[in-house]
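Student: File run-v2.cif below, mmCIF, C-alpha atoms:
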```cif
data_structure
loop_
_atom_site.label_atom_id
_atom_site.label_comp_id
_atom_site.auth_asym_id
_atom_site.auth_seq_id
_atom_site.Cartn_x
_atom_site.Cartn_y
_atom_site.Cartn_z
CA MET Y 139 11.68 -34.30 24.85
CA SER Y 140 12.37 -33.28 21.26
CA SER Y 141 10.06 -30.50 20.13
CA ALA Y 142 9.62 -32.36 16.83
CA SER Y 143 7.59 -35.00 18.66
CA ALA Y 144 5.12 -32.42 19.99
CA PHE Y 145 1.82 -31.74 18.25
CA ALA Y 146 1.43 -28.14 17.13
CA ILE Y 147 -2.27 -27.21 17.32
CA ILE Y 148 -2.87 -24.03 15.34
CA LEU Y 149 -6.20 -22.35 16.11
CA ALA Y 150 -7.54 -20.89 12.87
CA GLY Y 151 -11.30 -20.76 13.16
CA GLY Y 152 -11.93 -17.16 14.20
CA GLY Y 153 -13.95 -14.75 12.12
CA GLY Y 154 -12.59 -11.44 13.35
CA THR Y 155 -14.15 -8.01 12.91
CA ARG Y 156 -11.31 -5.69 13.90
CA LEU Y 157 -9.75 -5.79 10.42
CA TRP Y 158 -12.97 -5.25 8.49
CA PRO Y 159 -13.57 -4.72 5.59
CA ALA Y 160 -10.63 -6.93 4.49
CA SER Y 161 -11.45 -9.53 7.15
CA ARG Y 162 -14.75 -11.35 6.62
CA ARG Y 163 -16.21 -14.57 7.96
CA ARG Y 164 -15.02 -16.49 4.88
CA ASN Y 165 -11.74 -14.56 4.63
CA PRO Y 166 -10.74 -14.00 8.26
CA LYS Y 167 -7.76 -12.14 9.62
CA GLN Y 168 -5.46 -15.18 9.64
CA LEU Y 169 -5.84 -15.51 5.86
CA LEU Y 170 -4.82 -11.90 5.17
CA ARG Y 171 -1.32 -11.04 3.97
CA LEU Y 172 -0.81 -8.21 6.40
CA GLY Y 173 2.89 -8.60 7.09
CA GLY Y 174 4.15 -9.34 3.59
CA ASP Y 175 3.87 -12.03 0.94
CA GLU Y 176 2.31 -14.80 3.03
CA SER Y 177 -0.84 -14.94 5.12
CA LEU Y 178 -0.63 -14.91 8.90
CA LEU Y 179 -1.79 -18.55 8.90
CA ALA Y 180 0.82 -19.62 6.36
CA ALA Y 181 3.49 -17.92 8.48
CA ALA Y 182 2.22 -19.65 11.64
CA ALA Y 183 2.31 -23.05 9.93
CA ARG Y 184 5.80 -22.37 8.57
CA ARG Y 185 7.04 -21.49 12.05
CA ALA Y 186 5.42 -24.66 13.38
CA ARG Y 187 7.63 -26.72 11.04
CA GLU Y 188 10.59 -25.57 13.14
CA LEU Y 189 8.88 -27.10 16.17
CA SER Y 190 7.06 -30.21 14.97
CA ASP Y 191 7.19 -32.76 12.20
CA PRO Y 192 4.68 -31.87 9.45
CA ASP Y 193 2.53 -34.90 10.26
CA ARG Y 194 2.12 -33.52 13.81
CA ILE Y 195 0.96 -30.05 12.79
CA LEU Y 196 -2.81 -29.78 13.21
CA ILE Y 197 -4.91 -26.81 12.13
CA VAL Y 198 -8.31 -26.57 13.82
CA THR Y 199 -10.75 -24.47 11.81
CA ALA Y 200 -14.44 -23.94 11.12
CA ALA Y 201 -16.31 -25.82 8.41
CA ASP Y 202 -16.93 -22.70 6.31
CA GLN Y 203 -13.20 -21.87 6.33
CA GLU Y 204 -11.87 -25.36 5.57
CA SER Y 205 -11.31 -24.82 1.85
CA ALA Y 206 -9.49 -21.50 2.36
CA VAL Y 207 -7.30 -22.98 5.09
CA ARG Y 208 -6.30 -25.90 2.88
CA GLY Y 209 -5.43 -23.46 0.12
CA ALA Y 210 -3.28 -21.39 2.48
CA VAL Y 211 -1.25 -24.40 3.70
CA PRO Y 212 -1.26 -26.82 0.74
CA TRP Y 213 1.64 -28.93 2.06
CA LEU Y 214 -0.23 -29.97 5.20
CA PRO Y 215 -1.53 -33.59 5.21
CA ARG Y 216 -5.23 -33.56 4.44
CA GLU Y 217 -6.15 -35.34 7.69
CA ASN Y 218 -4.34 -32.66 9.70
CA VAL Y 219 -6.96 -30.01 9.00
CA VAL Y 220 -9.38 -30.68 11.88
CA VAL Y 221 -12.81 -29.23 11.18
CA GLU Y 222 -15.28 -27.94 13.75
CA PRO Y 223 -18.88 -28.56 12.63
CA LEU Y 224 -19.58 -25.05 13.96
CA PRO Y 225 -17.50 -22.56 15.97
CA ARG Y 226 -17.54 -23.25 19.74
CA ASN Y 227 -14.67 -21.01 20.94
CA THR Y 228 -11.14 -21.99 21.90
CA ALA Y 229 -11.69 -24.43 24.78
CA ALA Y 230 -13.58 -26.76 22.46
CA ALA Y 231 -11.18 -26.16 19.55
CA VAL Y 232 -8.15 -27.03 21.65
CA GLY Y 233 -10.03 -30.03 23.02
CA LEU Y 234 -10.73 -31.25 19.50
CA GLY Y 235 -7.04 -31.00 18.61
CA ALA Y 236 -6.13 -32.77 21.85
CA VAL Y 237 -8.43 -35.67 20.98
CA VAL Y 238 -6.75 -36.09 17.58
CA ALA Y 239 -3.30 -36.08 19.25
CA PHE Y 240 -4.48 -38.53 21.95
CA ARG Y 241 -5.89 -40.93 19.37
CA ARG Y 242 -2.57 -40.88 17.48
CA ALA Y 243 -0.03 -40.83 20.30
CA GLY Y 244 -1.73 -41.36 23.68
CA ALA Y 245 -2.16 -39.32 26.84
CA GLN Y 246 1.48 -38.20 27.00
CA ALA Y 247 1.36 -36.48 23.61
CA VAL Y 248 2.61 -32.93 24.18
CA LEU Y 249 0.54 -30.14 22.67
CA ALA Y 250 1.79 -26.72 21.59
CA VAL Y 251 -1.35 -24.61 21.23
CA LEU Y 252 -0.59 -21.69 18.89
CA PRO Y 253 -2.92 -18.95 17.60
CA ALA Y 254 -2.88 -18.55 13.81
CA ASP Y 255 -2.91 -14.78 13.65
CA PRO Y 256 -0.04 -13.01 15.45
CA HIS Y 257 2.87 -11.44 13.58
CA ILE Y 258 6.30 -12.53 14.86
CA ALA Y 259 9.28 -10.32 14.03
CA ASP Y 260 12.13 -12.42 15.54
CA GLU Y 261 11.31 -15.96 14.49
CA ALA Y 262 14.57 -17.49 15.73
CA ARG Y 263 13.94 -16.15 19.23
CA PHE Y 264 10.31 -17.29 19.04
CA THR Y 265 11.42 -20.83 18.17
CA ALA Y 266 13.87 -20.93 21.09
CA ILE Y 267 11.27 -19.74 23.61
CA VAL Y 268 8.59 -22.12 22.37
CA ARG Y 269 11.00 -25.06 22.48
CA ALA Y 270 11.67 -24.22 26.13
CA ALA Y 271 7.92 -24.12 26.80
CA ILE Y 272 7.45 -27.49 25.08
CA ALA Y 273 10.16 -29.00 27.26
CA GLU Y 274 8.49 -27.60 30.38
CA ALA Y 275 5.08 -28.95 29.32
CA ALA Y 276 6.09 -32.48 30.30
CA ARG Y 277 6.09 -31.20 33.90
CA THR Y 278 2.98 -28.98 33.97
CA ILE Y 279 0.79 -26.68 31.89
CA THR Y 280 3.02 -23.92 30.55
CA THR Y 281 2.31 -20.70 28.70
CA VAL Y 282 4.41 -18.02 27.04
CA GLY Y 283 3.89 -14.48 28.27
CA ILE Y 284 4.99 -11.48 26.21
CA LYS Y 285 7.11 -8.80 27.83
CA PRO Y 286 4.95 -5.68 27.39
CA THR Y 287 6.29 -2.78 25.37
CA HIS Y 288 3.53 -0.34 26.36
CA ALA Y 289 0.42 -0.04 28.52
CA GLU Y 290 -2.06 -1.99 26.38
CA THR Y 291 -5.70 -2.15 27.51
CA GLY Y 292 -6.77 -4.63 24.83
CA PHE Y 293 -4.84 -7.64 26.20
CA GLY Y 294 -5.17 -9.89 29.21
CA TYR Y 295 -2.12 -10.05 31.47
CA ILE Y 296 -0.26 -12.71 33.45
CA ARG Y 297 1.14 -11.81 36.88
CA LEU Y 298 4.53 -13.42 37.43
CA GLY Y 299 4.98 -15.70 40.41
CA PRO Y 300 8.29 -17.00 41.83
CA ALA Y 301 11.00 -18.28 39.51
CA VAL Y 302 11.02 -22.03 38.89
CA ALA Y 303 14.21 -23.98 39.56
CA GLY Y 304 15.44 -26.64 37.17
CA ALA Y 305 13.42 -25.58 34.15
CA ALA Y 306 13.73 -28.14 31.38
CA GLY Y 307 14.34 -25.87 28.40
CA GLY Y 308 17.11 -23.64 29.74
CA ALA Y 309 14.97 -20.47 29.64
CA ALA Y 310 13.71 -18.41 32.56
CA VAL Y 311 10.48 -19.95 33.90
CA HIS Y 312 8.11 -18.61 36.57
CA GLN Y 313 5.03 -19.84 38.29
CA VAL Y 314 1.86 -18.13 37.06
CA GLY Y 315 0.72 -15.81 39.84
CA ALA Y 316 -2.63 -15.09 38.19
CA PHE Y 317 -4.34 -14.44 34.89
CA VAL Y 318 -5.68 -10.88 34.84
CA GLU Y 319 -8.51 -9.58 32.65
CA LYS Y 320 -8.04 -6.60 30.32
CA PRO Y 321 -7.23 -3.59 32.53
CA ASP Y 322 -8.12 0.08 32.28
CA ARG Y 323 -5.41 2.54 31.21
CA ALA Y 324 -4.16 3.44 34.69
CA THR Y 325 -3.97 -0.20 35.75
CA ALA Y 326 -2.16 -1.19 32.56
CA GLU Y 327 0.39 1.56 33.14
CA ARG Y 328 0.92 0.28 36.68
CA TYR Y 329 1.39 -3.28 35.42
CA VAL Y 330 4.02 -2.27 32.88
CA ALA Y 331 5.89 -0.04 35.35
CA SER Y 332 6.08 -2.85 37.92
CA GLY Y 333 7.81 -5.33 35.62
CA ASP Y 334 5.74 -8.11 37.22
CA TYR Y 335 3.22 -8.61 34.41
CA LEU Y 336 3.30 -10.11 30.92
CA TRP Y 337 0.80 -9.99 28.09
CA ASN Y 338 -1.22 -13.18 27.69
CA SER Y 339 -0.18 -14.57 24.28
CA GLY Y 340 -2.81 -17.31 24.08
CA MET Y 341 -0.09 -19.96 23.64
CA PHE Y 342 -0.34 -23.01 25.90
CA PHE Y 343 1.75 -26.16 26.24
CA LEU Y 344 0.56 -29.34 27.98
CA THR Y 345 -0.09 -33.02 27.43
CA ALA Y 346 -3.24 -34.30 25.77
CA GLY Y 347 -4.07 -36.23 28.93
CA ARG Y 348 -3.77 -33.11 31.09
CA LEU Y 349 -6.04 -31.14 28.75
CA LEU Y 350 -8.74 -33.82 28.91
CA GLU Y 351 -8.35 -34.06 32.70
CA GLU Y 352 -8.75 -30.30 33.15
CA ALA Y 353 -11.77 -30.28 30.84
CA ARG Y 354 -13.44 -32.99 32.93
CA ARG Y 355 -12.77 -31.00 36.09
CA HIS Y 356 -13.73 -27.50 35.00
CA LEU Y 357 -16.02 -28.00 31.96
CA PRO Y 358 -17.72 -31.36 32.56
CA ALA Y 359 -19.96 -31.20 29.48
CA LEU Y 360 -16.93 -30.57 27.29
CA GLY Y 361 -14.93 -33.26 29.08
CA GLN Y 362 -17.66 -35.86 28.51
CA ALA Y 363 -17.90 -34.99 24.82
CA LEU Y 364 -14.13 -35.14 24.35
CA ASP Y 365 -13.95 -38.51 26.12
CA ALA Y 366 -16.66 -39.83 23.79
CA MET Y 367 -14.75 -38.59 20.74
CA THR Y 368 -11.52 -40.12 22.05
CA ALA Y 369 -13.07 -43.56 22.47
CA ALA Y 370 -15.35 -43.56 19.41
CA PRO Y 371 -14.63 -46.08 16.63
CA ASP Y 372 -15.82 -43.45 14.12
CA PHE Y 373 -14.16 -40.20 15.16
CA GLU Y 374 -15.80 -37.96 12.54
CA ALA Y 375 -19.28 -39.25 13.35
CA ALA Y 376 -18.66 -38.64 17.06
CA VAL Y 377 -17.54 -35.07 16.34
CA ARG Y 378 -20.66 -34.38 14.28
CA GLU Y 379 -22.84 -35.79 17.05
CA ARG Y 380 -21.20 -34.33 20.17
CA TYR Y 381 -19.40 -31.13 19.18
CA PRO Y 382 -22.40 -28.85 18.49
CA SER Y 383 -23.61 -29.18 22.09
CA VAL Y 384 -20.33 -28.44 23.90
CA PRO Y 385 -20.07 -25.12 25.82
CA SER Y 386 -18.78 -22.09 23.94
CA ILE Y 387 -16.07 -20.58 26.15
CA SER Y 388 -12.44 -19.57 25.74
CA ILE Y 389 -9.73 -21.88 26.99
CA ASP Y 390 -8.42 -19.00 29.12
CA ASN Y 391 -11.71 -18.49 31.00
CA GLY Y 392 -12.87 -22.09 30.95
CA ILE Y 393 -9.70 -23.94 31.90
CA MET Y 394 -6.43 -22.02 32.31
CA GLU Y 395 -7.66 -19.49 34.86
CA LYS Y 396 -8.97 -22.37 37.00
CA ALA Y 397 -6.13 -24.88 36.64
CA SER Y 398 -3.34 -24.99 39.24
CA GLY Y 399 0.44 -25.17 39.05
CA LEU Y 400 0.88 -23.36 35.74
CA HIS Y 401 4.28 -22.10 34.59
CA VAL Y 402 5.08 -19.21 32.24
CA VAL Y 403 8.11 -18.55 30.04
CA PRO Y 404 8.64 -14.81 29.41
CA GLY Y 405 9.16 -14.06 25.73
CA ASP Y 406 10.39 -11.05 23.77
CA PHE Y 407 10.37 -11.76 20.03
CA GLY Y 408 8.46 -8.94 18.36
CA TRP Y 409 5.00 -10.43 18.97
CA ASN Y 410 2.08 -8.43 17.63
CA ASP Y 411 -1.49 -9.74 17.63
CA VAL Y 412 -2.43 -7.32 14.80
CA GLY Y 413 -5.49 -6.35 16.78
CA SER Y 414 -6.49 -3.42 14.58
CA TRP Y 415 -5.47 -1.58 11.43
CA ALA Y 416 -3.35 0.71 13.59
CA ALA Y 417 -0.96 -2.23 14.15
CA MET Y 418 0.13 -2.04 10.51
CA THR Y 419 2.68 0.61 11.47
CA ALA Y 420 4.38 -2.01 13.67
CA ILE Y 421 4.48 -4.86 11.14
CA ARG Y 422 5.06 -2.93 7.90
CA ARG Y 423 7.84 -0.45 7.25
CA ALA Y 424 6.49 3.11 7.40
CA ASP Y 425 7.78 5.95 5.25
CA ALA Y 426 9.56 9.01 6.66
CA ALA Y 427 6.22 10.59 7.59
CA GLY Y 428 5.01 7.50 9.41
CA ASN Y 429 2.62 6.33 6.70
CA VAL Y 430 2.00 2.73 5.69
CA VAL Y 431 0.58 2.34 2.19
CA VAL Y 432 -0.35 -1.12 0.85
CA GLY Y 433 -1.64 -2.01 -2.60
CA GLY Y 434 -2.27 0.48 -5.36
CA ALA Y 435 -3.25 3.42 -3.16
CA GLN Y 436 -1.83 6.92 -3.58
CA LEU Y 437 -1.09 9.11 -0.54
CA ILE Y 438 0.06 12.74 -0.81
CA GLU Y 439 0.92 15.19 1.98
CA GLY Y 440 -0.11 13.13 4.98
CA LYS Y 441 1.43 11.88 8.20
CA GLY Y 442 0.80 8.77 10.30
CA ASN Y 443 -1.78 7.21 8.00
CA VAL Y 444 -2.55 3.58 7.17
CA VAL Y 445 -3.92 3.27 3.63
CA VAL Y 446 -4.73 -0.15 2.19
CA ALA Y 447 -6.13 -1.02 -1.23
CA GLU Y 448 -7.08 -4.69 -1.32
CA PRO Y 449 -7.13 -6.61 -4.63
CA GLY Y 450 -10.22 -5.59 -6.62
CA ALA Y 451 -10.56 -2.22 -4.90
CA PRO Y 452 -11.06 0.96 -6.93
CA TYR Y 453 -8.29 3.52 -7.14
CA VAL Y 454 -7.71 4.99 -3.69
CA GLY Y 455 -6.41 8.58 -3.45
CA VAL Y 456 -5.75 10.22 -0.07
CA LEU Y 457 -4.45 13.80 0.22
CA GLY Y 458 -3.63 16.18 3.05
CA VAL Y 459 -4.85 14.14 6.04
CA ASP Y 460 -3.08 12.79 9.12
CA ASP Y 461 -3.56 9.79 11.40
CA LEU Y 462 -6.33 8.11 9.43
CA VAL Y 463 -7.00 4.50 8.49
CA VAL Y 464 -8.38 4.11 4.98
CA VAL Y 465 -9.08 0.57 3.74
CA ALA Y 466 -10.78 -0.21 0.44
CA THR Y 467 -11.98 -3.58 -0.87
CA ALA Y 468 -14.05 -4.41 -3.93
CA ASP Y 469 -17.32 -3.72 -2.08
CA ALA Y 470 -16.57 -1.53 0.96
CA VAL Y 471 -14.49 1.43 2.15
CA LEU Y 472 -13.43 2.12 5.74
CA VAL Y 473 -12.35 5.58 6.92
CA ILE Y 474 -11.63 5.95 10.64
CA PRO Y 475 -9.24 7.93 12.89
CA LYS Y 476 -6.27 5.71 13.67
CA HIS Y 477 -6.71 6.11 17.41
CA ARG Y 478 -10.23 4.66 17.07
CA ALA Y 479 -9.24 1.70 14.90
CA GLN Y 480 -10.47 -0.72 17.59
CA ASP Y 481 -14.00 0.66 17.09
CA VAL Y 482 -14.42 -0.71 13.57
CA ARG Y 483 -16.59 -3.49 14.98
CA GLN Y 484 -19.32 -0.86 15.47
CA LEU Y 485 -19.54 -0.59 11.70
CA VAL Y 486 -19.71 -4.37 11.39
CA GLU Y 487 -22.59 -4.44 13.87
CA ALA Y 488 -24.33 -1.66 11.95
CA ALA Y 489 -23.99 -3.62 8.69
CA LYS Y 490 -25.43 -6.68 10.39
CA LYS Y 491 -28.34 -4.67 11.80
CA ASN Y 492 -29.03 -3.25 8.34
CA GLY Y 493 -29.18 -6.72 6.82
CA ARG Y 494 -25.92 -6.40 4.89
CA GLU Y 495 -24.88 -10.02 5.36
CA ASP Y 496 -22.83 -9.70 2.17
CA LEU Y 497 -20.41 -7.42 4.05
CA LEU Y 498 -19.85 -9.73 7.02
#
```
Would it be possible to restate this file's structure as structure tokens?

Tutor:
Amino acid sequence: MSSASAFAIILAGGGGTRLWPASRRRNPKQLLRLGGDESLLAAAARRARELSDPDRILIVTAADQESAVRGAVPWLPRENVVVEPLPRNTAAAVGLGAVVAFRRAGAQAVLAVLPADPHIADEARFTAIVRAAIAEAARTITTVGIKPTHAETGFGYIRLGPAVAGAAGGAAVHQVGAFVEKPDRATAERYVASGDYLWNSGMFFLTAGRLLEEARRHLPALGQALDAMTAAPDFEAAVRERYPSVPSISIDNGIMEKASGLHVVPGDFGWNDVGSWAAMTAIRRADAAGNVVVGGAQLIEGKGNVVVAEPGAPYVGVLGVDDLVVVATADAVLVIPKHRAQDVRQLVEAAKKNGREDLL
């Protein structure tokens, strides 16, 4: 099938705490301009235009982020921003997008489920791999796994099964041996050394009918709600009525790890999920000392630092330190060792405990 006839479902409802204080509930990670002049969401939508016609690009987001999402992708048809009444995790969000595609094009509508927030360095290679996955989706549920570049403990992994003959898109395709939860350091190192494991990218390709079928089988409450939304004369009223009560679970845990016969296309296109401020050194050009400085900050005599001054921040001066993350916004400042950048959520939890809802 032509990839242009597939529905791209971009998941853009997450709040995100790992990039605090720039990332907030109303200004989440996918709306930040971390890689350059456009937000991660705008980049994801632009890439989707290489895969789908604009009227088949759907962005699923939360009600309190709707306005910001529309502002980030102003060319998208208004009806293609699909709004969750409240966040219910990715199984429900994908299901909601699948219902919209089903109502427009039937059970055989092919879905390309794409997260809104990774950075992609080689977009031409990304497009080629995703087109292959879309072609394979007519046969079975397909995912794209990322060839690991290091032993990462923050990602789930996919164990490769046997190669698949006669793959539709011309790329290498394997059976999925298993989805594996986030490993410890020694296990991750073993995975990478073996060559038999890929990072789980969170991208999935399947028909709308197959998604609804798997939801009925593995998440019956979600399946019943999605069926009701599919058949309802008033779609928006059905969403308001049924969506708040569906289970909150990821599509990985709720459906993909339980479904059978999945295929995976290995991909290597400079994928980075920008999981912490430390990732800035991979998506922004560092200076000769390994520093990344963004905004109006001033850094003197330091090595390996990430220093970010968001719009509205006070003057930021950093001198004589190494391997720190310093991020300033109009109302908060983060200082943390770069190797502990994943721990920033502890500060978010502390702010919440102290009643600082204004910082969340």

Student: Counting all atoms listed in the file, which residues sit no farther than 12 Å from the position (-0.9, -14.8, 7.3) in the file's frame? I'd like them as an MDAnalysis selection string.

Tutor: chainID Y and resid 150 161 165:185 206:207 210:211 253:258 411:412 421

Student: Please work out which residues fall within 10 Å of (-24.1, -23.8, 22.6), coordinates as given in the file, with all atoms listed in the file counting, and return them as a list of chain:residue names.

Tutor: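 Residues with an atom close enough to that point: Y:Leu224, Y:Pro225, Y:Arg226, Y:Asn227, Y:Tyr381, Y:Pro382, Y:Ser383, Y:Val384, Y:Pro385, Y:Ser386, Y:Ile387.
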
Student: Hey, can you check how far CA of Gly455 (chain Y) sits from CA of Ala470 (chain Y)?

Tutor: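 We find that CA of Gly455 (chain Y) and CA of Ala470 (chain Y) lie 15.0 Å from each other.
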
Student: Starting from the shown file, work through the PyMOL selection byres ((chain Y and resi 233) around 10) and note down what comes out as a CSV table (one decimal) with C-alpha atoms, in the frame of the given file.

Tutor:
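Final output, out_32.csv:
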```
chain,number,residue,atom,x,y,z
Y,198,VAL,CA,-8.3,-26.6,13.8
Y,228,THR,CA,-11.1,-22.0,21.9
Y,229,ALA,CA,-11.7,-24.4,24.8
Y,230,ALA,CA,-13.6,-26.8,22.5
Y,231,ALA,CA,-11.2,-26.2,19.6
Y,232,VAL,CA,-8.2,-27.0,21.6
Y,234,LEU,CA,-10.7,-31.2,19.5
Y,235,GLY,CA,-7.0,-31.0,18.6
Y,236,ALA,CA,-6.1,-32.8,21.8
Y,237,VAL,CA,-8.4,-35.7,21.0
Y,238,VAL,CA,-6.8,-36.1,17.6
Y,239,ALA,CA,-3.3,-36.1,19.2
Y,346,ALA,CA,-3.2,-34.3,25.8
Y,349,LEU,CA,-6.0,-31.1,28.8
Y,350,LEU,CA,-8.7,-33.8,28.9
Y,353,ALA,CA,-11.8,-30.3,30.8
Y,360,LEU,CA,-16.9,-30.6,27.3
Y,361,GLY,CA,-14.9,-33.3,29.1
Y,363,ALA,CA,-17.9,-35.0,24.8
Y,364,LEU,CA,-14.1,-35.1,24.4
Y,365,ASP,CA,-14.0,-38.5,26.1
Y,389,ILE,CA,-9.7,-21.9,27.0
```

Student: Using CA of Gly434 (chain Y) and CA of Gln203 (chain Y) as the two end points, give the distance in Å to one decimal.

Tutor: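 Interatomic distance, CA of Gly434 (chain Y) to CA of Gln203 (chain Y): 27.5 Å.
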
Student: At what distance in Å, to one decimal, does CA of Asn218 (chain Y) lie from CA of Ile197 (chain Y)?

Tutor: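 Calculated distance between CA of Ile197 (chain Y) and CA of Asn218 (chain Y) is 6.4 Å.
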
Student: Using only C-alpha atoms, which residues sit within 10 Å of Val302 (chain Y) once same-chain residues fewer than 4 positions away are excluded, as a list in words?

Tutor: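 What passes the distance filter is Ala310, Val311, His312, Gln313, His401, Val402 and Val403 of chain Y.
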
Student: Do you know which residues the PyMOL selection byres ((chain Y and resi 252) around 9) returns on this file, as a PyMOL selection string?

Tutor: chain Y and resi 146-149+182+186+250-251+253-255+339-343

Student: With all atoms listed in the file as the atoms that count, which of Y:Asp406, Y:Ala259, Y:Leu357, Y:Leu249 lies nearest to Pro286 (chain Y)?

Tutor: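 That would be Y:Asp406, the residue with the smallest distance to Pro286 (chain Y).
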
Student: Measuring atom to atom with all atoms listed in the file, identify which of Y:Thr155, Y:Thr291, Y:Asp260, Y:Ala303 is nearest to Thr325 (chain Y).

Tutor: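 Comparing Y:Thr155, Y:Thr291, Y:Asp260, Y:Ala303 against Thr325 (chain Y), the winner is Y:Thr291.
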
Student: When you count only C-alpha atoms, which of these residues is closest to Val282 (chain Y): Y:Glu448, Y:Ile296, Y:Asp425, Y:Thr419?

Tutor: Y:Ile296

Student: Return the padded bounding box of region 436-443 of chain Y as JSON: axis-aligned, built from all atoms listed in the file, 3 Å added on each side, with centre and edge lengths in Å to one decimal.

Tutor:
```
{"center_x": -0.2, "center_y": 11.1, "center_z": 3.4, "size_x": 9.3, "size_y": 14.3, "size_z": 19.9}
```

Student: Give the answer as one residue: which of Y:Leu472, Y:Ile267, Y:Tyr295, Y:Gly458 has the shortest atom-to-atom distance to Leu189 (chain Y), using all atoms listed in the file?

Tutor: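 Looking at the shortest contact to Leu189 (chain Y), the residue is Y:Ile267.
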
Student: Need the shell around Ala466 (chain Y): protein/DNA/RNA residues with any atom at most 9 Å away, counting all atoms listed in the file. Skip same-chain ones fewer than 6 positions apart. Format as a PyMOL selection string?

Tutor: chain Y and resi 159-160+445-454+472-473

Student: Spell out the residues picked by the PyMOL selection byres ((chain Y and resi 298) around 6) here, as JSON, numbers by chain.

Tutor: {"Y": [297, 299, 314, 315, 334, 335]}

Student: Counting only C-alpha atoms, which of Y:Leu437, Y:Arg156, Y:Phe293, Y:Trp213 gets nearest to Glu487 (chain Y)?

Tutor: Y:Arg156

Student: For Ala144 (chain Y), find every residue with an atom within 12 Å (counting only C-alpha atoms), except residues of its own chain fewer than 5 positions away, and show them as a VMD selection string.

Tutor: chain Y and resid 139 186 to 196 236 239 to 240 242 to 244 246 to 251 268 to 269 271 to 276 343 to 346

Student: Could you tell me which of Y:Gly151, Y:Asn443, Y:Asp496, Y:Val463 comes closest to Gln480 (chain Y) if we count all atoms listed in the file?

Tutor: Y:Val463
